[in-house]
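Below: the structure, in structure tokens.
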Amino acid sequence: MPIQTSFNAGEFSDLLDGAVDLQKRAFSVKTLKNMIGLKQGPAVRRGPTIFVKEVKDSAKRTALTKFEFSDSQSYTIEIGDSYFRFYKEYAQIESGGAAIEVATPYTQANLFDSNNLLQLQFAQSGDVLYIVSPNYRPHVLTRTSDISWTLSEIDIEDGPYLPINSTSVTFALSGTTGSVTVTASSATFASTDVGRLIRFKDPANNWTWLEITAYTSATQVTALIRGANASLGTATVNWRLGVWSDTTGWPRAISFFQDRLALAGNAAYPDRYDLTKTGGYSSTDLIFQPTNAAGTVADDNAITGSVPSGQVNPIQWLASDLRGLVAGTSKEEFVIRANSLGDSITPSNATASLFSGVGSAYIQPVRTVQGTTFCQSARRRLFDVIYSFEQDSLRPQDLTLAAEHITRNQVVSMTYQQEPVNVIWAVRGDGVLIGMTHYPDQEVYGWHRHVIGGVNAQVEAVTSIPAPNGSRDDLWLIVKRTINGTTKRYVEYMERYYEDDMDVMDAGQVDCRHTYNGVSTSVVTGLSALEGETVKIMVDGRSHPDLVVSGGQITLANNRSGEIIHVGLGYEWQVITQRHESKSNSYDTAQGKTKRISNVTVRLLNTLGMSYGDPTKTLVEHDFEQGQVYDTNESLFSGDTKKLVWPGVSDTDGQMEFSSDSVFPACIIAIMSEVKVQA
């Protein structure tokens, strides 16, 4: 009797249909839908999604990010057309009945690119979230309390700068302090240079710096001296212009590294990176001082450089890694660090080394327990950045090698959930949520896909924050839905999968779930978010016939009432096994031979509701002999089913499907089948 004892290798691609000798194939499946492969082996039904709030404007695509001050103070941020809104403890933060909202410069036109990739990246330090975008000056979001948030432009001090002028063009200042006129001997300035910095070496050979405040002509601007007072004298060729401006563009990638904030990838200098002075960041400013006034470079001064590529290679993201600052560009990946491993990075020892030629998309990578995971430029593959002891260097490891189909519709968003299962979550362009159970140290890499319940339901954004009680991480989503014929976008979060410490009355496996918890009632109101939809219902831990929401409410059938009632959109879990393989010796195989499954035993844990059969035929519903009628008591089943007489006919595949769209949990521990293979 063949037995499948694990499902944590997840879905395998059709390209591996012939790889019956691959060790991991025994732990893989053809389909793992709305199920998560656990590192221990079982496949468990994912938790339901819980409705929180409709976004501000359902007609416009929105995004999510996290603000994580501590495990007990974590927030989800809704990012929309020129605004941020905030969520905590499973609710939108409000004051006086109105949503707390911060106005932003990020308009809908610049919030997403043509591939729906978010054009913002983030780095957080305490109560400060730094935000960069290719179209805007860097900003900082500061939290004072749950209802007090401030978004402001960050003040950029004394850099970063382009190299010292090497032409004959001179700059002259009209004064030594305050607001002065800067006159160039040749056309140098643009009207979009307002806000750009200038570093100027005065006739006394001391450096100071200025900020352009007004444009007069290509040879003359007004600027404010923000550094030391200058000494008045003749014009000088010793000047430097700032790297960032509306003329040259703004940094698009950001990360912390060794007590510095690193920014990179503006339009004019796409392969350039800049790190602040050591500790040179706060809630108000970033300091990029390259030298002291005398031009001396100290170890704690700002660091600048470019990735050594022979082609235009925009930096797409930055990530701090144990081996250095990793920079993903459109065609290659680099590590930026000190010349000697273990040393702190300084202006004199910083070096950028190529370690990969994969190429990256403009999607901020995720930090996992093991390191960094990034999305390839074509958005068809994900890679771990791992350290190779044999090569003594970093290298990329393809996470989609066995499941190239899983990302075929291209990734648009990523996040990482550490508890209760290490999962890298990603959103595909078609709105399907995909996940990988990710335990590299145990060689567990298993893909699963999740089709959210409802008509035309599509996930558009994800993020993950610690649950309020700190016991797990919650996955937050924006789901685009068609509700009663109208497009809606809802903020929802995914509840944890069913575990033994939960009461079955709290299970309610339905999406966009609404829950009534109170005195016994037969009428559930407050369901306007599900208006006109056919919903599935659990009443005090028991199933109930489907109903249609009308007027924002439902009335339970047959005079039923309940104290805990879950209402939502049904979603199906599904497991389809690989083509059957069994060998009598090392040279024999069942592939291509006619085979007949006579019966199957399934080992289950906390499960109720399951159909089975040939994936190409009508399935048979398993009777758990517990009376699955809406008004009878039901308990979850754990153990081996009786031998299920298999409804299929002889074929050459021998595949098995198990599925259900019931309101109950499911967990498959093992599948044992009796199969006869013709010689």
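Numbering starts fresh at 1 for the residues of each chain in the structure tokens, the chains themselves are lettered A, B, ... in the order given, and ligands are numbered from 1 as they appear.
Using only C-alpha atoms, the residues found no farther than 7 Å from Tyr215 (chain A), other than those of its own chain fewer than 3 positions away, are Ser191, Val194, Gln220, Val221 and Thr222 of chain A.
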Can I get the selection written as a CSV table (one decimal), in the first residue's frame, with N, CA and C atoms?
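Saved as part.csv:
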```csv
chain,number,residue,atom,x,y,z
A,191,SER,N,15.7,75.3,-14.0
A,191,SER,CA,14.6,75.7,-13.1
A,191,SER,C,14.2,74.7,-12.1
A,194,VAL,N,15.7,74.0,-8.0
A,194,VAL,CA,15.3,74.6,-6.7
A,194,VAL,C,15.3,73.4,-5.6
A,220,GLN,N,22.5,81.8,-13.0
A,220,GLN,CA,22.3,82.5,-11.7
A,220,GLN,C,21.1,81.9,-10.9
A,221,VAL,N,21.4,81.6,-9.7
A,221,VAL,CA,20.4,81.2,-8.8
A,221,VAL,C,20.6,81.9,-7.4
A,222,THR,N,19.5,81.8,-6.6
A,222,THR,CA,19.6,82.3,-5.2
A,222,THR,C,19.7,81.0,-4.4
```
(request) Give the answer as one residue: which of A:Leu354, A:Ala302, A:Leu15, A:Leu141 has the shortest atom-to-atom distance to Phe67 (chain A), using only C-alpha atoms? (result) A:Leu141
(message) So that I can check the surroundings of Leu162 (chain A), please list as a list in words every protein, DNA and RNA residue that reaches within 6 Å of it, counting only C-alpha atoms and ignoring chain neighbours fewer than 4 positions away.
(response) Arg240, Leu241, Gly242 and Val243 of chain A
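Restricting the calculation to only C-alpha atoms, the smallest distance between Ala123 (chain A) and any of A:Pro365, A:Pro308, A:Gly570, A:Gly446 is found for A:Pro365.
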(request) With a distance cut-off of 10 Å and only C-alpha atoms, select the neighbouring residues of Glu94 (chain A), excluding the residue or stretch itself and same-chain residues fewer than 6 positions from it, and output the selection as an MDAnalysis selection string. (result) chainID A and resid 85:87 100:101 146:147
Suppose we keep N, CA, C and O atoms; can you now write the selection as a tab-separated table (two decimals), in the first residue's frame?
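Output below, filename result.tsv:
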```tsv
chain	number	residue	atom	x	y	z
A	85	ARG	N	-3.96	55.71	5.35
A	85	ARG	CA	-4.86	55.41	6.46
A	85	ARG	C	-4.25	54.28	7.27
A	85	ARG	O	-3.42	53.52	6.77
A	86	PHE	N	-4.71	54.10	8.51
A	86	PHE	CA	-4.00	53.26	9.45
A	86	PHE	C	-4.93	52.25	10.13
A	86	PHE	O	-6.09	52.55	10.41
A	87	TYR	N	-4.36	51.06	10.41
A	87	TYR	CA	-5.12	49.98	11.03
A	87	TYR	C	-4.32	49.39	12.18
A	87	TYR	O	-3.10	49.23	12.09
A	100	ILE	N	-8.50	58.22	10.70
A	100	ILE	CA	-7.27	59.00	10.78
A	100	ILE	C	-6.58	58.91	9.42
A	100	ILE	O	-6.31	57.81	8.92
A	101	GLU	N	-6.29	60.06	8.84
A	101	GLU	CA	-5.75	60.09	7.49
A	101	GLU	C	-4.65	61.14	7.39
A	101	GLU	O	-4.76	62.23	7.96
A	146	ASP	N	-1.44	56.66	18.35
A	146	ASP	CA	-2.29	55.96	17.39
A	146	ASP	C	-3.03	56.92	16.47
A	146	ASP	O	-3.27	56.61	15.30
A	147	ILE	N	-3.38	58.09	16.98
A	147	ILE	CA	-4.18	59.02	16.19
A	147	ILE	C	-3.38	60.24	15.73
A	147	ILE	O	-3.95	61.19	15.20
```
(request) Please provide as a PyMOL selection string all residues within 12 Å of Ala59 (chain A), with the sequence filter that same-chain residues fewer than 5 positions apart are discarded (counting only C-alpha atoms). (result) chain A and resi 54+80-81+108+480-482+486-490
So that I have them on file, write out the residues from the current selection with C-alpha atoms, as a compact mmCIF listing (two decimals), in the first residue's frame.
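Generated output (again_31.txt):
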```
# COMPACT_ATOMS: atom_id res chain seq x y z
CA GLU A 54 -13.56 49.13 2.46
CA GLY A 80 -3.99 55.31 -1.78
CA ASP A 81 -4.31 58.32 -4.04
CA GLN A 108 -2.54 57.82 -8.23
CA LYS A 480 -10.63 43.56 -5.22
CA ARG A 481 -14.12 42.07 -5.34
CA THR A 482 -17.27 42.24 -7.42
CA THR A 486 -20.02 46.65 -8.28
CA THR A 487 -16.23 46.75 -7.89
CA LYS A 488 -15.17 46.94 -4.27
CA ARG A 489 -11.74 46.91 -2.65
CA TYR A 490 -11.62 45.61 0.90
```
(request) List the neighbours of Phe257 (chain A) out to 12 Å using only C-alpha atoms; skip same-chain residues closer than 3 positions along the sequence, and give me the result as a ChimeraX atom specification. (result) /A:123-125,254,260-263,274-281,303,318-327,335-338,344-346
